[in-house]
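Chemist: Structure provided below as structure tokens; questions to follow.
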Amino acid sequence: MTANRRHKQVVNVEEVEARQQQQGGFALASRRLGAAAGGRALGCSHFELPPGKTSFPFHFHSAFEEAIYVLEGRGALRLGKETVPLRAGDYVAFPPGPDSAHTLTNDGDVPLRYLCLSGPAAPATMDIVVYPDSKKISFAAGIEPGKTLRDGWVMKLIKEDQPPLGYYDGEPLAEK
């Protein structure tokens, strides 16, 4: 992050280092804007999804509510039992629960850029995420809102009495 920011609660997307994730058919770059601006109760991340790639495994949250706002590009949103086309200007709400299970694939030929908002991102937070395709469940708990599932939270993925799994293990697109 740039040392010469205008204000500690103002951040430009270019001032936040992109975190890359990639395995098989999954790939994205994310920038945690909410945490960088000092947000405590509302998360906001900027995502860039390359053409032909999927953001995250099909999942739903049991406690967090999420939403996305598409800035540029187009995609195919798998939402519950349907697939819905998305384009710039679309806003989608994902209330907690299995009816809001979702994943997003860039089916265009340019990067798909979108904002993902989530709440609550309170100082003490717990969530359970369910992945219907791979039959995994993730339990996550954290204390610091600026930390992620990978660097400051207790997280465990389980699958039917099996040893702990990696995030992309068992996901069909990760094997491509």
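Lettering and numbering for the structure tokens are positional, with chains as A, B, ... in the shown order, residues counted from 1 in each chain, and ligands counted from 1 in the shown order.
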Neighbours of range 109-111 of chain A within 8 Å (only C-alpha atoms; same-chain residues fewer than 5 positions away dropped), as a JSON list (two decimals) with N, CA, C and O atoms, in the first residue's frame?

Modeler:
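Contents of selection-v5.json, as written:
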```json
[["chain", "number", "residue", "atom", "x", "y", "z"],
["A", 48, "GLU", "N", -10.73, -9.10, -9.81],
["A", 48, "GLU", "CA", -10.51, -9.17, -11.25],
["A", 48, "GLU", "C", -10.41, -10.64, -11.62],
["A", 48, "GLU", "O", -9.57, -11.37, -11.11],
["A", 49, "LEU", "N", -11.31, -11.06, -12.51],
["A", 49, "LEU", "CA", -11.44, -12.45, -12.91],
["A", 49, "LEU", "C", -11.07, -12.58, -14.38],
["A", 49, "LEU", "O", -11.72, -11.98, -15.24],
["A", 50, "PRO", "N", -10.00, -13.35, -14.70],
["A", 50, "PRO", "CA", -9.59, -13.49, -16.11],
["A", 50, "PRO", "C", -10.64, -14.23, -16.95],
["A", 50, "PRO", "O", -11.42, -15.02, -16.41],
["A", 51, "PRO", "N", -10.65, -14.00, -18.25],
["A", 51, "PRO", "CA", -11.58, -14.72, -19.13],
["A", 51, "PRO", "C", -11.46, -16.23, -18.96],
["A", 51, "PRO", "O", -10.36, -16.78, -18.84],
["A", 52, "GLY", "N", -12.61, -16.90, -18.91],
["A", 52, "GLY", "CA", -12.64, -18.36, -18.81],
["A", 52, "GLY", "C", -12.42, -18.91, -17.43],
["A", 52, "GLY", "O", -12.48, -20.12, -17.22],
["A", 72, "GLU", "N", -17.05, -4.00, -14.71],
["A", 72, "GLU", "CA", -16.69, -4.17, -16.13],
["A", 72, "GLU", "C", -16.75, -5.64, -16.49],
["A", 72, "GLU", "O", -16.48, -6.50, -15.67],
["A", 73, "GLY", "N", -17.05, -5.91, -17.75],
["A", 73, "GLY", "CA", -17.04, -7.27, -18.27],
["A", 73, "GLY", "C", -18.38, -7.95, -18.11],
["A", 73, "GLY", "O", -19.41, -7.32, -17.81]]
```

Chemist: Taking only chain A into account, list the residues labelled strand (DSSP E or B) by DSSP (computed from the backbone), as number ranges by chain.

Modeler: A: 7, 10, 19-23, 26-32, 43-49, 54, 59-61, 65-72, 74-79, 82-87, 91-94, 102-105, 112-119, 125-131, 136-142, 153-158

Chemist: Any idea what's packed within 12 Å of Glu14 in chain A, counting only C-alpha atoms, ignoring anything in its chain fewer than 3 positions away? Could you give it as a PyMOL selection string?

Modeler: chain A and resi 1-2+5+10-11+17-18+30-33+36+46

Chemist: Residues at most 9 Å from Glu171 in chain A, counting only C-alpha atoms, excluding those fewer than 6 positions away in the same chain, as a ChimeraX atom specification?

Modeler: /A:57-58,131,133-134

Chemist: Go through A:Glu65, A:Glu82, A:Glu15, A:Asp127 one by one, measure the shortest atom-to-atom distance of each to Pro96 in chain A using only C-alpha atoms, and give the residue with the smallest value.

Modeler: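 Of A:Glu65, A:Glu82, A:Glu15, A:Asp127, the one nearest Pro96 in chain A is A:Glu65, counting only C-alpha atoms.
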
Chemist: Which of these residues is nearest to Gln21 in chain A, using only C-alpha atoms: A:Lys53, A:Leu115, A:Phe60, A:Ile128?

Modeler: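 Nearest to Gln21 in chain A: A:Lys53.
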
Chemist: Which neighbours of Ala174 in chain A fall inside 7 Å, counting only C-alpha atoms, when residues of the same chain fewer than 4 positions from it are skipped, and could you give them as a short mmCIF file (atom, residue, chain, number, x, y, z; two decimals) with N, CA and C atoms, in the first residue's frame?

Modeler:
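Saved as out_15.cif:
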```cif
data_model
loop_
_atom_site.label_atom_id
_atom_site.label_comp_id
_atom_site.auth_asym_id
_atom_site.auth_seq_id
_atom_site.Cartn_x
_atom_site.Cartn_y
_atom_site.Cartn_z
N GLN A 23 -5.75 -22.02 -9.22
CA GLN A 23 -5.59 -23.47 -9.28
C GLN A 23 -6.61 -24.01 -10.26
N GLY A 24 -6.14 -24.70 -11.29
CA GLY A 24 -7.03 -25.27 -12.29
C GLY A 24 -7.89 -24.20 -12.94
N GLY A 25 -9.21 -24.39 -12.92
CA GLY A 25 -10.14 -23.46 -13.52
C GLY A 25 -10.45 -22.23 -12.66
N PHE A 26 -9.86 -22.16 -11.45
CA PHE A 26 -10.05 -21.01 -10.57
C PHE A 26 -8.88 -20.05 -10.71
N TYR A 168 -8.97 -25.71 -2.33
CA TYR A 168 -9.45 -26.14 -3.64
C TYR A 168 -9.59 -27.67 -3.76
#
```

Chemist: What's the 8 Å shell around Arg78 in chain A, counting only C-alpha atoms, without same-chain residues fewer than 6 positions away, as number ranges by chain?

Modeler: A: 58, 84, 101-104

Chemist: Could you check the closest approach to Ala35 in chain A for each of A:Ser138, A:Thr83, A:Ser62, A:Gln9 and tell me which residue wins, using only C-alpha atoms?

Modeler: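 Closest to Ala35 in chain A, using only C-alpha atoms: A:Gln9.
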
Chemist: Report as an NGL selection string: the residues of range 3-174 of chain A with a DSSP assignment of alpha helix (DSSP H), based on the backbone of this structure.

Modeler: :A and (33-36)
